[in-house]
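The structure file target.pdb is reproduced below (PDB, C-alpha atoms and all ligand atoms).
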```pdb
ATOM      1  CA  MET T   1       0.000   0.000   0.000  1.00  0.00           C
ATOM      2  CA  PRO T   2       2.230   2.828  -1.201  1.00  0.00           C
ATOM      3  CA  GLU T   3      -0.371   5.523  -0.424  1.00  0.00           C
ATOM      4  CA  MET T   4      -0.565   4.465   3.239  1.00  0.00           C
ATOM      5  CA  ASN T   5       3.226   4.459   3.573  1.00  0.00           C
ATOM      6  CA  TYR T   6       3.360   7.918   2.009  1.00  0.00           C
ATOM      7  CA  MET T   7       0.804   9.272   4.496  1.00  0.00           C
ATOM      8  CA  ARG T   8       2.830   7.756   7.359  1.00  0.00           C
ATOM      9  CA  LYS T   9       5.915   9.575   6.084  1.00  0.00           C
ATOM     10  CA  LEU T  10       3.963  12.838   5.942  1.00  0.00           C
ATOM     11  CA  SER T  11       2.970  12.421   9.594  1.00  0.00           C
ATOM     12  CA  ARG T  12       6.671  12.573  10.544  1.00  0.00           C
ATOM     13  CA  TRP T  13       7.557  15.485   8.236  1.00  0.00           C
ATOM     14  CA  THR T  14       6.692  19.063   9.191  1.00  0.00           C
ATOM     15  CA  LEU T  15       6.432  22.382   7.400  1.00  0.00           C
ATOM     16  CA  THR T  16       9.799  23.412   8.851  1.00  0.00           C
ATOM     17  CA  ASP T  17      11.397  20.140   7.723  1.00  0.00           C
ATOM     18  CA  ALA T  18      10.131  20.714   4.173  1.00  0.00           C
ATOM     19  CA  ALA T  19      11.282  24.355   4.218  1.00  0.00           C
ATOM     20  CA  ASP T  20      14.765  23.401   5.460  1.00  0.00           C
ATOM     21  CA  ALA T  21      15.033  20.725   2.743  1.00  0.00           C
ATOM     22  CA  GLY T  22      14.075  23.235   0.013  1.00  0.00           C
ATOM     23  CA  GLN T  23      10.946  21.291  -0.910  1.00  0.00           C
ATOM     24  CA  LEU T  24       7.676  22.523  -2.358  1.00  0.00           C
ATOM     25  CA  LEU T  25       4.222  21.308  -1.372  1.00  0.00           C
ATOM     26  CA  ALA T  26       1.939  20.318  -4.237  1.00  0.00           C
ATOM     27  CA  ILE T  27      -1.678  20.401  -3.065  1.00  0.00           C
ATOM     28  CA  THR T  28      -4.091  18.708  -5.463  1.00  0.00           C
ATOM     29  CA  CYS T  29      -7.866  18.580  -5.423  1.00  0.00           C
ATOM     30  CA  GLN T  30      -8.524  15.069  -6.689  1.00  0.00           C
ATOM     31  CA  TYR T  31     -12.155  15.959  -7.425  1.00  0.00           C
ATOM     32  CA  CYS T  32     -11.488  18.641 -10.063  1.00  0.00           C
ATOM     33  CA  ASN T  33      -7.808  17.841 -10.645  1.00  0.00           C
ATOM     34  CA  THR T  34      -6.453  21.278  -9.724  1.00  0.00           C
ATOM     35  CA  THR T  35      -2.914  21.520  -8.326  1.00  0.00           C
ATOM     36  CA  HIS T  36      -1.131  24.441  -6.697  1.00  0.00           C
ATOM     37  CA  CYS T  37       2.463  24.443  -5.410  1.00  0.00           C
ATOM     38  CA  TYR T  38       3.378  26.327  -2.250  1.00  0.00           C
ATOM     39  CA  LYS T  39       6.615  27.199  -0.512  1.00  0.00           C
ATOM     40  CA  PRO T  40       6.516  25.922   3.085  1.00  0.00           C
ATOM     41  CA  ARG T  41       8.012  29.205   4.397  1.00  0.00           C
ATOM     42  CA  ASP T  42       5.015  31.090   2.967  1.00  0.00           C
ATOM     43  CA  LEU T  43       2.620  28.812   4.869  1.00  0.00           C
ATOM     44  CA  LEU T  44       4.645  29.221   8.087  1.00  0.00           C
ATOM     45  CA  GLN T  45       3.902  32.960   8.050  1.00  0.00           C
ATOM     46  CA  PHE T  46       0.292  32.307   9.074  1.00  0.00           C
ATOM     47  CA  ARG T  47       0.254  28.647  10.238  1.00  0.00           C
ATOM     48  CA  ASP T  48       1.984  26.984  13.163  1.00  0.00           C
ATOM     49  CA  ASN T  49       4.525  24.346  12.308  1.00  0.00           C
ATOM     50  CA  MET T  50       2.610  21.095  11.859  1.00  0.00           C
ATOM     51  CA  SER T  51       3.005  17.713  10.255  1.00  0.00           C
ATOM     52  CA  LEU T  52       2.145  17.602   6.576  1.00  0.00           C
ATOM     53  CA  ASP T  53      -0.592  14.981   6.997  1.00  0.00           C
ATOM     54  CA  ARG T  54      -2.442  17.443   9.262  1.00  0.00           C
ATOM     55  CA  LEU T  55      -1.722  20.419   7.023  1.00  0.00           C
ATOM     56  CA  VAL T  56      -3.625  19.008   4.044  1.00  0.00           C
ATOM     57  CA  SER T  57      -6.894  19.127   6.000  1.00  0.00           C
ATOM     58  CA  LYS T  58      -6.517  22.934   6.292  1.00  0.00           C
ATOM     59  CA  PHE T  59      -6.844  23.424   2.533  1.00  0.00           C
ATOM     60  CA  ARG T  60     -10.052  23.922   0.595  1.00  0.00           C
ATOM     61  CA  CYS T  61     -10.220  23.815  -3.197  1.00  0.00           C
ATOM     62  CA  GLU T  62     -10.718  27.305  -4.588  1.00  0.00           C
ATOM     63  CA  ARG T  63     -12.348  25.887  -7.712  1.00  0.00           C
ATOM     64  CA  CYS T  64     -14.967  23.412  -6.354  1.00  0.00           C
ATOM     65  CA  ASN T  65     -14.901  24.503  -2.682  1.00  0.00           C
ATOM     66  CA  ARG T  66     -14.447  20.906  -1.436  1.00  0.00           C
ATOM     67  CA  ARG T  67     -11.935  19.998   1.225  1.00  0.00           C
ATOM     68  CA  ASP T  68     -12.335  16.220   1.453  1.00  0.00           C
ATOM     69  CA  TYR T  69     -10.516  15.488  -1.822  1.00  0.00           C
ATOM     70  CA  MET T  70      -7.327  17.413  -1.076  1.00  0.00           C
ATOM     71  CA  HIS T  71      -4.048  15.546  -1.421  1.00  0.00           C
ATOM     72  CA  LEU T  72      -0.539  16.726  -0.558  1.00  0.00           C
ATOM     73  CA  ARG T  73       2.647  15.652  -2.282  1.00  0.00           C
ATOM     74  CA  VAL T  74       6.154  16.789  -1.422  1.00  0.00           C
ATOM     75  CA  HIS T  75       8.006  17.990  -4.505  1.00  0.00           C
ATOM     76  CA  HIS T  76      11.771  18.319  -4.811  1.00  0.00           C
ATOM     77  CA  PRO T  77      12.353  21.021  -7.421  1.00  0.00           C
ATOM     78  CA  ASN T  78      14.888  20.037 -10.045  1.00  0.00           C
ATOM     79  CA  GLY T  79      16.697  22.008 -12.704  1.00  0.00           C
ATOM     80  CA  ALA T  80      13.861  21.672 -15.228  1.00  0.00           C
ATOM     81  CA  ASP T  81      11.403  23.323 -12.785  1.00  0.00           C
ATOM     82  CA  PHE T  82      13.266  26.625 -12.586  1.00  0.00           C
ATOM     83  CA  GLY T  83      11.721  29.187 -14.876  1.00  0.00           C
ATOM     84  CA  LYS T  84       8.759  26.873 -15.676  1.00  0.00           C
ATOM     85  CA  LEU T  85       7.026  25.569 -12.549  1.00  0.00           C
ATOM     86  CA  VAL T  86       4.227  27.882 -11.394  1.00  0.00           C
ATOM     87  CA  ILE T  87       4.062  28.308  -7.628  1.00  0.00           C
ATOM     88  CA  ARG T  88       1.684  30.258  -5.426  1.00  0.00           C
ATOM     89  CA  ARG T  89       3.518  32.991  -3.569  1.00  0.00           C
ATOM     90  CA  LEU T  90       2.111  34.621  -0.451  1.00  0.00           C
ATOM     91  CA  VAL T  91       1.359  38.255  -1.224  1.00  0.00           C
ATOM     92  CA  ASN T  92      -0.436  39.319   1.923  1.00  0.00           C
ATOM     93  CA  VAL T  93      -2.245  37.898   4.943  1.00  0.00           C
ATOM     94  CA  LYS T  94      -5.679  39.457   5.388  1.00  0.00           C
ATOM     95  CA  THR T  95      -7.287  39.466   8.826  1.00  0.00           C
ATOM     96  CA  VAL T  96     -11.060  39.148   8.777  1.00  0.00           C
ATOM     97  CA  GLU T  97     -13.200  40.448  11.634  1.00  0.00           C
ATOM     98  CA  VAL T  98     -16.087  38.135  12.466  1.00  0.00           C
ATOM     99  CA  PRO T  99     -18.827  39.138  14.946  1.00  0.00           C
ATOM    100  CA  VAL T 100     -19.209  36.747  17.885  1.00  0.00           C
ATOM    101  CA  TRP T 101     -22.683  36.575  19.430  1.00  0.00           C
ATOM    102  CA  GLU T 102     -24.127  35.068  22.582  1.00  0.00           C
ATOM    103  CA  ASP T 103     -27.628  34.913  23.992  1.00  0.00           C
ATOM    104  CA  ALA T 104     -28.127  36.852  27.244  1.00  0.00           C
ATOM    105  CA  THR T 105     -31.132  37.903  29.284  1.00  0.00           C
ATOM    106  CA  LEU T 106     -32.353  41.468  29.134  1.00  0.00           C
TER
HETATM  107 ZN    ZN H 201     -11.641  20.960  -6.532  1.00  0.00          ZN
END
```

Before anything else, please render the file you have as structure tokens.
Amino acid sequence: MPEMNYMRKLSRWTLTDAADAGQLLAITCQYCNTTHCYKPRDLLQFRDNMSLDRLVSKFRCERCNRRDYMHLRVHHPNGADFGKLVIRRLVNVKTVEVPVWEDATL
């Protein structure tokens, strides 16, 4: 079961480990077959360091809005990737204010 072994490896590999190794994270929605590559250091600017098997559950597909078909693959960039591979770079982190309500007596 290669997929199960791969997921076990991801549970022992963190965002920091991937960043230190110079790896990219390819996140694919297996429902609509959309893939985006991210630099781990970009994700560490707004996420705590976590194992990669947990990280994949934080993603939602921007195309079909599903989150249960997301799959993460670690990618080692090689010479052919430079100048060709499209990656998603973090431009800004936007903070959203959400009202929090509670029921109280008058
Ligand atoms: Zn999708």

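Inspection of the environment of ligand ZN 201 (chain H), which uses only C-alpha atoms and all ligand atoms and a cut-off of 9 Å, identifies the neighbouring residues as Thr28, Cys29, Gln30, Tyr31, Cys32, Asn33, Thr34, Thr35, Arg60, Cys61, Glu62, Arg63, Cys64, Asn65, Arg66, Arg67, Tyr69 and Met70 of chain T.
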
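Take CA of Val74 in chain T and CA of Phe46 in chain T: the distance between them is 19.6 Å.
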
Mind giving me the axis-aligned box for range 15-33 of chain T with 6 Å on every side, centre plus edges in Å to one decimal, as JSON?
```
{"center_x": 1.4, "center_y": 19.7, "center_z": -0.9, "size_x": 39.2, "size_y": 21.3, "size_z": 31.5}
```

Selection: 12 Å around Leu24 in chain T, only C-alpha atoms, excl. self and same-chain fewer than 4 positions, as a short mmCIF file (atom, residue, chain, number, x, y, z; two decimals) with C-alpha atoms, keeping the file's coordinate frame:
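Below is the file that was written, selection14.cif:
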```cif
data_model
loop_
_atom_site.label_atom_id
_atom_site.label_comp_id
_atom_site.auth_asym_id
_atom_site.auth_seq_id
_atom_site.Cartn_x
_atom_site.Cartn_y
_atom_site.Cartn_z
CA LEU T 15 6.43 22.38 7.40
CA THR T 16 9.80 23.41 8.85
CA ASP T 17 11.40 20.14 7.72
CA ALA T 18 10.13 20.71 4.17
CA ALA T 19 11.28 24.36 4.22
CA ASP T 20 14.76 23.40 5.46
CA HIS T 36 -1.13 24.44 -6.70
CA CYS T 37 2.46 24.44 -5.41
CA TYR T 38 3.38 26.33 -2.25
CA LYS T 39 6.62 27.20 -0.51
CA PRO T 40 6.52 25.92 3.08
CA ARG T 41 8.01 29.20 4.40
CA ASP T 42 5.01 31.09 2.97
CA LEU T 43 2.62 28.81 4.87
CA LEU T 52 2.14 17.60 6.58
CA LEU T 72 -0.54 16.73 -0.56
CA ARG T 73 2.65 15.65 -2.28
CA VAL T 74 6.15 16.79 -1.42
CA HIS T 75 8.01 17.99 -4.50
CA HIS T 76 11.77 18.32 -4.81
CA PRO T 77 12.35 21.02 -7.42
CA ASN T 78 14.89 20.04 -10.04
CA ASP T 81 11.40 23.32 -12.78
CA LEU T 85 7.03 25.57 -12.55
CA VAL T 86 4.23 27.88 -11.39
CA ILE T 87 4.06 28.31 -7.63
CA ARG T 88 1.68 30.26 -5.43
CA ARG T 89 3.52 32.99 -3.57
#
```

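You will find CA of Tyr6 in chain T at 16.5 Å from CA of Met50 in chain T.
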
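For the atom pair formed by CA of Ile27 in chain T and CA of His71 in chain T, the distance is 5.6 Å, given to one decimal.
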